[in-house]
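Novice: Have a peek at input06.txt (compact mmCIF, C-alpha atoms and all ligand atoms).
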# COMPACT_ATOMS: atom_id res chain seq x y z
CA MET A 8 29.65 -102.66 44.74
CA LYS A 9 26.86 -100.31 43.71
CA ARG A 10 29.27 -98.36 41.53
CA LEU A 11 30.41 -101.64 39.90
CA ASN A 12 26.77 -102.58 39.15
CA ASN A 13 26.17 -99.17 37.59
CA HIS A 14 29.26 -99.66 35.48
CA ARG A 15 28.03 -103.11 34.34
CA ALA A 16 24.57 -101.71 33.57
CA ALA A 17 26.12 -98.93 31.49
CA LEU A 18 28.20 -101.47 29.56
CA LEU A 19 25.15 -103.64 29.00
CA ILE A 20 23.11 -100.68 27.70
CA ALA A 21 25.98 -99.58 25.45
CA GLY A 22 26.19 -103.15 24.10
CA LEU A 23 22.45 -103.22 23.43
CA VAL A 24 22.58 -99.85 21.63
CA VAL A 25 25.41 -101.05 19.36
CA SER A 26 23.57 -104.35 18.63
CA LEU A 27 20.39 -102.43 17.81
CA ALA A 28 22.30 -100.07 15.49
CA VAL A 29 23.86 -103.05 13.68
CA LEU A 30 20.43 -104.69 13.35
CA VAL A 31 18.82 -101.48 12.01
CA GLY A 32 21.74 -101.01 9.61
CA ALA A 33 21.44 -104.59 8.39
CA LEU A 34 17.70 -104.18 7.85
CA THR A 35 18.02 -100.93 5.95
CA ALA A 36 21.02 -101.78 3.75
CA PRO A 37 20.40 -103.74 0.57
CA PRO A 38 21.58 -107.27 1.23
CA GLY A 39 24.37 -108.70 -0.82
CA LEU A 40 26.47 -105.57 -1.01
CA GLY A 41 29.18 -106.93 1.26
CA ALA A 42 30.82 -105.86 4.52
CA ALA A 43 32.74 -103.05 2.81
CA ASP A 44 29.41 -101.31 2.19
CA ARG A 45 28.60 -100.96 5.87
CA ASN A 46 29.72 -98.46 8.49
CA PRO A 47 31.01 -99.95 11.78
CA ASP A 48 27.52 -99.41 13.24
CA GLY A 49 25.99 -101.41 10.37
CA SER A 50 24.43 -98.45 8.51
CA TYR A 51 24.79 -98.25 4.73
CA THR A 52 27.70 -96.24 3.37
CA GLY A 53 27.71 -97.24 -0.29
CA THR A 54 30.08 -99.23 -2.42
CA LYS A 55 33.59 -98.06 -1.60
CA LEU A 56 35.23 -96.00 -4.33
CA GLU A 57 38.69 -97.53 -4.67
CA GLY A 58 40.83 -98.57 -7.60
CA THR A 59 38.64 -99.62 -10.51
CA THR A 60 35.82 -101.12 -8.42
CA PRO A 61 32.53 -100.18 -10.15
CA ALA A 62 30.55 -97.98 -7.72
CA GLN A 63 27.79 -95.32 -7.82
CA TRP A 64 25.92 -97.23 -10.52
CA ARG A 65 22.83 -95.90 -12.26
CA LEU A 66 20.77 -96.85 -15.27
CA ILE A 67 19.45 -94.14 -17.57
CA TRP A 68 16.50 -94.22 -19.97
CA GLU A 69 16.12 -91.69 -22.73
CA GLU A 70 14.07 -91.82 -25.94
CA ASP A 71 13.49 -95.51 -26.63
CA PRO A 72 13.62 -97.56 -23.41
CA ALA A 73 12.18 -100.68 -25.08
CA HIS A 74 15.42 -101.04 -27.04
CA THR A 75 18.13 -98.84 -25.47
CA ALA A 76 19.56 -97.92 -22.04
CA THR A 77 22.77 -96.57 -20.54
CA VAL A 78 24.41 -98.25 -17.55
CA ALA A 79 26.82 -95.83 -15.89
CA TRP A 80 29.22 -96.18 -12.97
CA THR A 81 32.12 -94.42 -11.24
CA THR A 82 35.68 -95.61 -10.64
CA ALA A 83 38.27 -93.96 -8.41
CA LYS A 84 41.06 -94.65 -10.93
CA GLN A 85 41.05 -94.44 -14.70
CA PRO A 86 40.47 -97.95 -16.02
CA GLU A 87 42.30 -99.07 -19.14
CA LYS A 88 39.09 -100.72 -20.26
CA SER A 89 35.53 -100.80 -18.98
CA THR A 90 32.95 -103.24 -20.29
CA LEU A 91 29.38 -104.16 -19.53
CA LEU A 92 28.67 -107.89 -19.80
CA TYR A 93 24.98 -108.70 -20.17
CA ASP A 94 22.52 -111.43 -21.03
CA SER A 95 18.81 -112.14 -21.01
CA GLU A 96 19.50 -115.00 -18.57
CA ALA A 97 20.95 -114.73 -15.07
CA ARG A 98 24.62 -115.83 -14.98
CA GLN A 99 25.29 -115.20 -11.27
CA GLY A 100 28.32 -113.07 -12.10
CA ASP A 101 30.16 -115.85 -13.97
CA LEU A 102 31.94 -113.54 -16.43
CA ALA A 103 32.62 -116.20 -19.06
CA LYS A 104 28.93 -116.97 -19.45
CA TYR A 105 27.46 -113.60 -20.50
CA ARG A 106 26.59 -113.72 -24.19
CA PHE A 107 26.79 -109.98 -24.92
CA GLN A 108 29.15 -107.17 -24.10
CA VAL A 109 29.62 -103.49 -24.85
CA ASP A 110 32.61 -101.27 -24.07
CA ALA A 111 31.99 -98.21 -21.94
CA THR A 112 33.14 -94.68 -22.72
CA VAL A 113 35.42 -93.49 -19.92
CA GLY A 114 36.06 -89.86 -18.95
CA GLN A 115 37.03 -87.79 -15.94
CA TYR A 116 34.31 -85.89 -14.08
CA THR A 117 34.82 -82.12 -14.31
CA ASP A 118 35.90 -81.02 -10.82
CA ASP A 119 38.90 -79.17 -9.30
CA GLU A 120 39.31 -81.38 -6.25
CA ILE A 121 37.82 -84.81 -6.85
CA HIS A 122 39.41 -86.78 -9.67
CA THR A 123 37.17 -89.75 -10.34
CA TRP A 124 36.01 -91.32 -13.60
CA TYR A 125 32.66 -91.94 -15.25
CA ASN A 126 31.98 -95.06 -17.29
CA HIS A 127 29.02 -95.05 -19.74
CA ALA A 128 27.93 -98.29 -21.39
CA GLU A 129 25.25 -97.69 -24.02
CA LEU A 130 23.05 -100.70 -24.70
CA SER A 131 21.11 -100.94 -27.96
CA ASN A 132 19.10 -103.53 -29.90
CA LEU A 133 17.50 -104.72 -26.67
CA LYS A 134 14.24 -106.66 -26.72
CA PRO A 135 11.15 -105.01 -25.20
CA ALA A 136 9.70 -106.14 -21.84
CA THR A 137 12.78 -108.30 -21.25
CA THR A 138 14.89 -108.79 -18.14
CA TYR A 139 18.58 -108.18 -18.75
CA TRP A 140 21.22 -109.36 -16.26
CA PHE A 141 24.54 -107.57 -16.21
CA VAL A 142 27.85 -106.95 -14.50
CA MET A 143 30.08 -103.90 -14.80
CA VAL A 144 33.76 -104.69 -15.32
CA SER A 145 36.55 -102.11 -15.09
CA ASP A 146 39.94 -103.69 -15.80
CA ASN A 147 39.84 -106.85 -13.68
CA THR A 148 37.28 -105.72 -11.13
CA ALA A 149 33.64 -106.75 -11.59
CA SER A 150 30.49 -105.66 -9.79
CA ARG A 151 27.89 -108.10 -8.51
CA GLU A 152 25.18 -109.09 -10.99
CA PHE A 153 22.30 -106.64 -11.39
CA HIS A 154 19.25 -106.71 -13.65
CA PHE A 155 16.64 -104.42 -15.14
CA ILE A 156 13.56 -104.77 -17.33
CA THR A 157 13.21 -102.95 -20.64
CA ALA A 158 10.06 -100.98 -21.45
CA PRO A 159 7.19 -102.78 -23.20
CA GLU A 160 5.96 -102.31 -26.74
CA GLY A 161 2.34 -102.01 -27.89
CA ASP A 162 -0.61 -100.82 -25.80
CA ALA A 163 0.91 -101.78 -22.47
CA GLU A 164 -0.12 -101.25 -18.85
CA PHE A 165 2.67 -100.45 -16.35
CA LYS A 166 3.72 -98.21 -13.45
CA LEU A 167 6.24 -95.40 -13.00
CA LEU A 168 7.57 -93.24 -10.19
CA TYR A 169 7.96 -89.47 -10.36
CA GLY A 170 9.79 -87.21 -7.92
CA GLY A 171 12.17 -84.27 -7.73
CA ASP A 172 14.38 -82.24 -5.37
CA SER A 173 16.52 -84.92 -3.75
CA ARG A 174 19.07 -82.31 -2.63
CA SER A 175 20.40 -80.86 0.61
CA ASP A 176 19.12 -83.26 3.29
CA ARG A 177 20.99 -86.51 3.04
CA ASP A 178 19.10 -88.37 5.75
CA ALA A 179 15.73 -87.50 4.20
CA ARG A 180 17.02 -88.39 0.72
CA ARG A 181 18.09 -91.81 1.99
CA THR A 182 14.69 -92.24 3.62
CA MET A 183 13.00 -91.47 0.29
CA ASN A 184 15.39 -93.77 -1.60
CA ARG A 185 14.48 -96.58 0.79
CA ARG A 186 10.81 -95.70 0.31
CA MET A 187 11.20 -95.95 -3.47
CA ARG A 188 13.00 -99.26 -3.11
CA THR A 189 10.18 -100.61 -0.94
CA LEU A 190 7.59 -99.50 -3.52
CA PHE A 191 9.70 -101.06 -6.27
CA GLU A 192 10.05 -104.35 -4.37
CA GLU A 193 6.35 -104.49 -3.51
CA ASP A 194 5.27 -103.61 -7.02
CA PRO A 195 7.45 -105.11 -9.79
CA GLU A 196 5.25 -103.43 -12.42
CA ILE A 197 7.11 -100.17 -11.63
CA LEU A 198 9.51 -99.61 -14.53
CA ALA A 199 11.46 -96.43 -13.83
CA LEU A 200 11.74 -93.10 -11.99
CA ALA A 201 11.18 -89.83 -13.85
CA HIS A 202 13.24 -87.30 -11.85
CA GLY A 203 12.16 -83.65 -11.91
CA GLY A 204 15.59 -82.11 -11.22
CA ASP A 205 17.57 -80.57 -8.33
CA TYR A 206 19.40 -83.77 -7.44
CA VAL A 207 22.04 -81.92 -5.40
CA ALA A 208 22.61 -78.51 -3.79
CA ASN A 209 25.54 -77.59 -6.03
CA GLY A 210 25.44 -79.43 -9.34
CA GLU A 211 28.90 -78.10 -10.24
CA GLU A 212 30.57 -79.86 -7.26
CA MET A 213 31.45 -83.55 -7.58
CA GLU A 214 31.42 -83.79 -3.79
CA ASP A 215 27.64 -83.30 -3.88
CA TRP A 216 27.17 -85.80 -6.73
CA ASP A 217 29.35 -88.33 -4.90
CA GLU A 218 26.85 -88.32 -2.07
CA TRP A 219 23.81 -88.42 -4.37
CA LEU A 220 25.21 -91.28 -6.43
CA THR A 221 26.15 -93.28 -3.36
CA ASP A 222 22.69 -92.77 -1.86
CA HIS A 223 21.11 -93.74 -5.20
CA GLU A 224 22.50 -97.27 -4.71
CA LEU A 225 19.79 -97.63 -2.04
CA THR A 226 17.07 -97.72 -4.74
CA VAL A 227 18.27 -101.14 -5.96
CA THR A 228 16.06 -104.01 -4.78
CA ALA A 229 17.32 -106.87 -2.60
CA GLU A 230 17.41 -109.07 -5.72
CA GLY A 231 19.56 -106.51 -7.54
CA ARG A 232 16.95 -104.91 -9.81
CA MET A 233 18.00 -101.40 -10.83
CA LEU A 234 15.48 -98.57 -11.08
CA PRO A 235 16.09 -96.71 -14.37
CA VAL A 236 16.14 -92.90 -14.14
CA ILE A 237 14.59 -90.61 -16.77
CA PRO A 238 16.28 -87.34 -15.77
CA ALA A 239 15.32 -83.67 -16.08
CA ARG A 240 17.75 -80.82 -15.31
CA GLY A 241 16.98 -78.53 -12.36
CA ASN A 242 18.31 -75.06 -11.53
CA HIS A 243 20.78 -76.49 -8.98
CA GLU A 244 22.41 -78.48 -11.77
CA ALA A 245 22.91 -75.06 -13.39
CA GLU A 246 24.68 -75.19 -16.78
CA GLY A 247 27.44 -77.41 -15.42
CA PRO A 248 28.90 -80.43 -17.24
CA LEU A 249 28.54 -82.85 -14.31
CA TYR A 250 24.84 -83.45 -15.02
CA ASP A 251 25.73 -84.72 -18.49
CA GLU A 252 28.64 -86.75 -17.11
CA VAL A 253 26.41 -88.40 -14.53
CA PHE A 254 23.46 -89.10 -16.85
CA ASN A 255 25.21 -89.48 -20.24
CA THR A 256 23.82 -86.23 -21.72
CA PRO A 257 20.09 -86.98 -21.84
CA GLY A 258 18.64 -85.12 -24.83
CA LYS A 259 21.18 -83.09 -26.78
CA LYS A 260 24.10 -81.27 -25.16
CA ASP A 261 23.16 -77.70 -24.15
CA GLY A 262 19.51 -78.75 -24.45
CA ASN A 263 18.69 -81.76 -22.28
CA PHE A 264 15.11 -81.92 -23.59
CA TYR A 265 13.75 -85.09 -25.21
CA ARG A 266 10.76 -87.32 -25.53
CA THR A 267 10.31 -90.86 -24.19
CA LEU A 268 7.72 -93.28 -25.54
CA ILE A 269 6.80 -96.14 -23.22
CA GLY A 270 4.73 -98.57 -25.25
CA GLU A 271 2.76 -96.93 -28.03
CA GLN A 272 0.25 -95.05 -25.83
CA PHE A 273 2.35 -93.19 -23.25
CA LEU A 274 4.34 -90.07 -24.16
CA LEU A 275 6.64 -88.42 -21.62
CA VAL A 276 8.18 -85.10 -22.69
CA THR A 277 11.14 -84.03 -20.54
CA LEU A 278 11.85 -80.31 -20.73
CA ASN A 279 14.66 -78.12 -19.40
CA SER A 280 13.42 -75.10 -17.43
CA ASN A 281 17.01 -74.01 -16.94
CA ILE A 282 17.42 -72.69 -20.49
CA SER A 283 15.13 -70.63 -22.72
CA ALA A 284 11.61 -72.10 -22.71
CA GLY A 285 10.83 -70.47 -26.07
CA GLY A 286 12.73 -70.77 -29.36
CA ASN A 287 14.09 -74.22 -30.17
CA GLN A 288 12.65 -75.83 -27.08
CA ALA A 289 9.08 -74.58 -27.68
CA ASP A 290 9.42 -75.68 -31.34
CA PHE A 291 10.52 -79.12 -30.18
CA LEU A 292 7.58 -79.35 -27.76
CA GLU A 293 5.07 -78.39 -30.44
CA THR A 294 6.55 -80.87 -32.93
CA VAL A 295 6.49 -83.75 -30.44
CA LEU A 296 2.95 -83.04 -29.27
CA HIS A 297 1.76 -82.67 -32.88
CA GLU A 298 3.45 -85.90 -34.02
CA ASN A 299 1.97 -87.83 -31.09
CA GLU A 300 -1.51 -86.26 -31.13
CA GLN A 301 -3.18 -89.66 -31.11
CA VAL A 302 -1.17 -91.11 -28.20
CA ARG A 303 -3.59 -91.78 -25.33
CA TRP A 304 -1.52 -90.50 -22.38
CA GLN A 305 0.54 -87.32 -22.66
CA ILE A 306 2.74 -86.22 -19.78
CA ALA A 307 5.42 -83.55 -19.29
CA ASN A 308 8.24 -83.40 -16.74
CA TYR A 309 10.26 -80.25 -16.01
CA HIS A 310 11.64 -78.52 -12.94
CA ARG A 311 10.32 -74.97 -12.53
CA PRO A 312 6.52 -74.80 -12.20
CA ALA A 313 3.97 -72.94 -14.30
CA TYR A 314 1.48 -73.22 -11.41
CA PRO A 315 3.69 -73.13 -8.30
CA ALA A 316 2.74 -73.97 -4.73
CA VAL A 317 5.38 -71.73 -3.19
CA LYS A 318 7.22 -69.37 -5.60
CA SER A 319 6.24 -67.34 -8.68
CA PRO A 320 5.61 -69.00 -12.08
CA GLY A 321 8.53 -69.85 -14.38
CA SER A 322 8.58 -69.18 -18.11
CA ALA A 323 6.81 -72.53 -18.68
CA LEU A 324 3.60 -70.57 -18.10
CA GLU A 325 4.16 -68.33 -21.12
CA HIS A 326 5.81 -70.78 -23.54
CA TRP A 327 4.63 -74.30 -22.72
CA VAL A 328 1.18 -74.05 -21.12
CA PRO A 329 -0.50 -72.78 -24.36
CA LEU A 330 0.92 -75.85 -26.15
CA PHE A 331 -0.13 -78.20 -23.36
CA GLU A 332 -3.67 -76.82 -23.71
CA LYS A 333 -3.66 -76.85 -27.52
CA TYR A 334 -2.66 -80.54 -27.62
CA ASN A 335 -4.58 -81.59 -24.48
CA LEU A 336 -1.72 -82.75 -22.29
CA ASP A 337 -3.01 -84.85 -19.39
CA ILE A 338 -0.57 -84.04 -16.58
CA ALA A 339 2.47 -81.78 -16.17
CA PHE A 340 4.86 -82.88 -13.40
CA GLU A 341 6.67 -79.97 -11.75
CA SER A 342 9.23 -79.74 -8.94
CA ASP A 343 11.26 -76.93 -7.29
CA GLY A 344 8.82 -75.64 -4.62
CA HIS A 345 9.47 -78.25 -1.90
CA ALA A 346 5.86 -79.09 -1.05
CA LEU A 347 3.27 -81.55 -2.27
CA LYS A 348 0.79 -80.14 -4.77
CA ARG A 349 -1.94 -81.07 -7.21
CA THR A 350 -3.80 -78.28 -8.96
CA CYS A 351 -7.34 -78.38 -10.31
CA ALA A 352 -7.65 -78.92 -14.07
CA ILE A 353 -6.64 -75.62 -15.73
CA ARG A 354 -7.33 -74.11 -19.17
CA GLY A 355 -6.88 -70.47 -20.15
CA GLY A 356 -5.89 -69.48 -16.62
CA LYS A 357 -9.12 -70.83 -15.10
CA GLN A 358 -10.48 -74.03 -13.67
CA ALA A 359 -11.90 -76.12 -16.53
CA ASP A 360 -12.93 -79.76 -16.50
CA ASP A 361 -11.01 -80.44 -19.72
CA GLY A 362 -7.86 -78.65 -18.53
CA VAL A 363 -4.33 -79.75 -17.64
CA VAL A 364 -3.48 -80.91 -14.09
CA TYR A 365 -0.13 -79.93 -12.50
CA ILE A 366 1.29 -82.35 -9.91
CA GLY A 367 4.46 -82.69 -7.85
CA GLU A 368 6.67 -79.81 -6.58
CA GLY A 369 9.65 -81.83 -5.24
CA GLY A 370 9.73 -84.08 -2.19
CA LEU A 371 12.58 -86.59 -2.59
CA GLY A 372 14.56 -85.34 0.39
CA VAL A 373 14.78 -81.56 0.47
CA LYS A 374 13.27 -79.88 3.56
CA GLN A 375 9.62 -79.15 2.83
CA ARG A 376 8.15 -75.64 2.87
CA THR A 377 4.65 -74.43 3.75
CA PRO A 378 2.73 -74.15 0.44
CA LYS A 379 0.52 -71.16 -0.40
CA ASP A 380 -2.64 -73.22 -0.26
CA ASP A 381 -4.94 -70.21 -0.79
CA ARG A 382 -3.92 -69.90 -4.48
CA TRP A 383 -7.04 -70.32 -6.68
CA TYR A 384 -5.78 -73.39 -8.49
CA PHE A 385 -5.63 -75.48 -5.33
CA LYS A 386 -9.41 -75.36 -4.97
CA GLY A 387 -10.31 -78.97 -5.68
CA GLY A 388 -6.64 -79.93 -5.49
CA VAL A 389 -4.12 -80.38 -2.71
CA ALA A 390 -1.21 -78.40 -1.20
CA ALA A 391 0.68 -79.86 1.76
CA SER A 392 4.09 -79.90 3.41
CA THR A 393 5.36 -83.47 3.30
CA LEU A 394 8.14 -85.51 1.69
CA HIS A 395 6.64 -87.54 -1.14
CA VAL A 396 7.00 -89.52 -4.35
CA GLN A 397 4.31 -90.02 -7.00
CA LYS A 398 3.38 -93.48 -8.25
CA LEU A 399 1.67 -93.60 -11.65
CA THR A 400 -0.49 -96.58 -12.59
CA VAL A 401 -0.93 -96.49 -16.35
CA LYS A 402 -3.87 -98.47 -17.70
CA LYS A 403 -5.87 -98.40 -20.91
CA ASP A 404 -8.93 -96.87 -19.23
CA SER A 405 -7.31 -94.73 -16.50
CA LEU A 406 -4.13 -93.09 -15.26
CA LEU A 407 -3.88 -93.04 -11.47
CA VAL A 408 -1.37 -90.78 -9.70
CA GLU A 409 -0.84 -91.50 -6.00
CA SER A 410 1.29 -89.16 -3.89
CA ILE A 411 3.01 -91.33 -1.29
CA THR A 412 4.72 -89.91 1.80
CA ASP A 413 8.06 -90.90 3.32
CA GLU A 414 6.06 -93.12 5.70
CA GLY A 415 4.39 -94.92 2.80
CA LYS A 416 0.91 -93.37 3.22
CA VAL A 417 -1.12 -92.30 0.19
CA ARG A 418 -1.62 -88.57 0.90
CA ASP A 419 -3.43 -87.75 -2.37
CA SER A 420 -4.68 -89.58 -5.42
CA TYR A 421 -5.89 -88.38 -8.79
CA THR A 422 -7.34 -90.39 -11.66
CA ALA A 423 -7.31 -89.17 -15.28
CA LYS A 424 -9.58 -90.72 -17.88
CA PRO A 425 -8.56 -90.99 -21.55
CA ARG A 426 -9.41 -87.90 -23.60
CA LYS A 427 -11.02 -88.05 -27.04
CA ARG A 428 -8.01 -87.70 -29.32
FE FE B 501 14.77 -75.92 -7.87
I'd like the structure from this file rewritten - as structure tokens, please.
Ligand SMILES: [Fe+2]
Specialist:
Amino acid sequence: MKRLNNHRAALLIAGLVVSLAVLVGALTAPPGLGAADRNPDGSYTGTKLEGTTPAQWRLIWEEDPAHTATVAWTTAKQPEKSTLLYDSEARQGDLAKYRFQVDATVGQYTDDEIHTWYNHAELSNLKPATTYWFVMVSDNTASREFHFITAPEGDAEFKLLYGGDSRSDRDARRTMNRRMRTLFEEDPEILALAHGGDYVANGEEMEDWDEWLTDHELTVTAEGRMLPVIPARGNHEAEGPLYDEVFNTPGKKDGNFYRTLIGEQFLLVTLNSNISAGGNQADFLETVLHENEQVRWQIANYHRPAYPAVKSPGSALEHWVPLFEKYNLDIAFESDGHALKRTCAIRGGKQADDGVVYIGEGGLGVKQRTPKDDRWYFKGGVAASTLHVQKLTVKKDSLLVESITDEGKVRDSYTAKPRKR
């Protein structure tokens, strides 16, 4: 009898554990993705890659996000035709009702073992600060309806996320993706994520990108709003073609450096620390900073730090920092070290009130290291070992950068005031 009771108790506990797992899975998966997107225990597994079902979707911003964007997705089979249907009104997925459409470019990802297909739909002539509703259609298979909001024009106030190094620890990456989704849902003024590179451990293996792209689906809000990505190339993406196939070659091929204007008073320069920092790229940086001298907020995003928290400085220190200082850049976002950092304001290799501040170091999932917090430039700054994402609040009279942990706590905040330009 006692043995029977023990057996019943064990069954009851097992039942409770399974129910709890299903409940947790249901709470953490974006609703509306369907039963096929769940593991048997209820946890999120991503849209299944089969046939021409659009999966692994992402939305990419490049130079002019008030008027252009790329929606990209993956299909297991080569579709005969892929199209993005879109409209400035919600159509609940009723394909006949969307007023606009654009055909996607289809190609096979470069990989020896995995033979899947990318689909890139380039949108242009969009209206600024406008919500666009869309479905991805490959042959006869359509996605659910998603939406996104284009960047504003004029002297606008808005918010952005910044983060890097989402590689190598899938559980932590999913935690950070859910954190970004929560921030995005709580704060609809967030427009996009600037990513600082090192998405995956091996950027030349589609297997790694498959996992990253599937996990990226978790950044979509419950209502289906997609978080645009403004990508930078990291050293783990190496020189490989997959980065360009995933993100539709941001910047020029073999360069991947470009400038993004959000409104008329916010300049984001994305650089590639994986190729020569001098030469063409330094010329480009000088030209962009010179042409936008009067823009109120000036920001850079690149992977390998000039003022690192863990490793030694990259060639950004020699080639880019003098230009940042000449043109009075406000903040340089850096990744790669796997720690949270904010330096003091730096000019000419010393603390200076009118200097440039370096923030970031990569906390979107990779295991965090212990930073070298005794480096001189952390006096008056911060160096810590914690997963994190930065939230930027861009206003006319201030630019606030909050470093938010995986648990949603603000670990550090920094406010820049407009410079005299
Ligand atoms: Fe790196």
Novice: At most 7 Å is the cut-off: for each residue in segment 301-322 of chain A with any atom that close to an atom of segment 274-286 of chain A, write down the nearest atom pair and the distance in Å rounded to one decimal, counting all atoms listed in the file, chain first then increasing number, as a Markdown table.
Specialist:
| residue | atom | partner | partner_atom | distance |
| --- | --- | --- | --- | --- |
| A:Val302 | CA | A:Leu274 | CA | 6.9 |
| A:Trp304 | CA | A:Leu274 | CA | 6.1 |
| A:Gln305 | CA | A:Leu274 | CA | 4.9 |
| A:Ile306 | CA | A:Leu275 | CA | 4.8 |
| A:Ala307 | CA | A:Val276 | CA | 4.6 |
| A:Asn308 | CA | A:Thr277 | CA | 4.8 |
| A:Tyr309 | CA | A:Leu278 | CA | 5.0 |
| A:His310 | CA | A:Ser280 | CA | 5.9 |
| A:Arg311 | CA | A:Ser280 | CA | 5.8 |
| A:Ser322 | CA | A:Ala284 | CA | 6.2 |
Novice: Could you pull out the residues sitting within 8 Å of ligand FE 501 (chain B), using all atoms listed in the file, and write them as an MDAnalysis selection string?
Specialist: chainID A and resid 172 204:205 241:243 310:311 342:344
Novice: Which value, in Å to one decimal, gives the distance between atom CA of Gly388 of chain A and atom CA of Asn184 of chain A?
Specialist: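 Computing it gives 26.3 Å between the two atoms.
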Novice: Per residue of segment 132-184 of chain A within 10 Å of segment 55-58 of chain A, which atom pair is closest and at what distance in Å (one decimal), using all atoms listed in the file, listed by chain and increasing number, as a tab-separated table?
Specialist:
residue	atom	partner	partner_atom	distance
A:Ser145	CA	A:Gly58	CA	9.3
A:Asp146	CA	A:Gly58	CA	9.7
A:Thr148	CA	A:Gly58	CA	8.7
Novice: Using only C-alpha atoms, give me every residue within 10 Å of (22.0, -90.7, -19.9) in file coordinates, as a short mmCIF file (atom, residue, chain, number, x, y, z; two decimals) with C-alpha atoms, in the frame of the given file.
Specialist:
data_model
loop_
_atom_site.label_atom_id
_atom_site.label_comp_id
_atom_site.auth_asym_id
_atom_site.auth_seq_id
_atom_site.Cartn_x
_atom_site.Cartn_y
_atom_site.Cartn_z
CA ARG A 65 22.83 -95.90 -12.26
CA LEU A 66 20.77 -96.85 -15.27
CA ILE A 67 19.45 -94.14 -17.57
CA TRP A 68 16.50 -94.22 -19.97
CA GLU A 69 16.12 -91.69 -22.73
CA ALA A 76 19.56 -97.92 -22.04
CA THR A 77 22.77 -96.57 -20.54
CA VAL A 78 24.41 -98.25 -17.55
CA ALA A 79 26.82 -95.83 -15.89
CA HIS A 127 29.02 -95.05 -19.74
CA ALA A 128 27.93 -98.29 -21.39
CA GLU A 129 25.25 -97.69 -24.02
CA VAL A 236 16.14 -92.90 -14.14
CA ILE A 237 14.59 -90.61 -16.77
CA PRO A 238 16.28 -87.34 -15.77
CA TYR A 250 24.84 -83.45 -15.02
CA ASP A 251 25.73 -84.72 -18.49
CA GLU A 252 28.64 -86.75 -17.11
CA VAL A 253 26.41 -88.40 -14.53
CA PHE A 254 23.46 -89.10 -16.85
CA ASN A 255 25.21 -89.48 -20.24
CA THR A 256 23.82 -86.23 -21.72
CA PRO A 257 20.09 -86.98 -21.84
CA GLY A 258 18.64 -85.12 -24.83
CA ASN A 263 18.69 -81.76 -22.28
#
Novice: In Å, rounded to a single decimal, give me how far atom CA of Glu218 of chain A is from atom CA of Asp176 of chain A.
Specialist: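 Taking atom CA of Asp176 of chain A as the start and atom CA of Glu218 of chain A as the end point, the length is 10.7 Å.
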Novice: Let me make sure I understand: among A:Leu190, A:Ala83, A:Leu347, A:Ala359, which one has the smallest atom-to-atom distance to Ser420 of chain A if we use only C-alpha atoms?
Specialist: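 So, comparing all the options, the nearest one is A:Leu347.
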Novice: Write out as a ChimeraX atom specification which residues come within 9 Å of Tyr116 of chain A when counting all atoms listed in the file, dropping same-chain ones fewer than 3 positions away.
Specialist: /A:121-125,213,248-249,252-253
Novice: I'd like the interatomic distance between atom CA of Lys424 of chain A and atom CA of Ala239 of chain A, to a tenth of an Å.
Specialist: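 Computing it gives 25.9 Å between the two atoms.
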Novice: Within 10 Å of (-3.8, -85.5, -19.4), all atoms listed in the file: residues as an MDAnalysis selection string?
Specialist: chainID A and resid 303:307 331:332 334:339 352 361:365 406 422:426
Novice: Between A:Phe273, A:Phe165, A:Tyr265, A:Trp140, single out the one closest to Ser95 of chain A, counting only C-alpha atoms.
Specialist: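 So, comparing all the options, the nearest one is A:Trp140.
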Novice: For Ser175 of chain A, which residue among A:His202, A:Lys374, A:Arg349, A:Lys84 is the nearest when counting all atoms listed in the file?
Specialist: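 That would be A:Lys374, the residue with the smallest distance to Ser175 of chain A.
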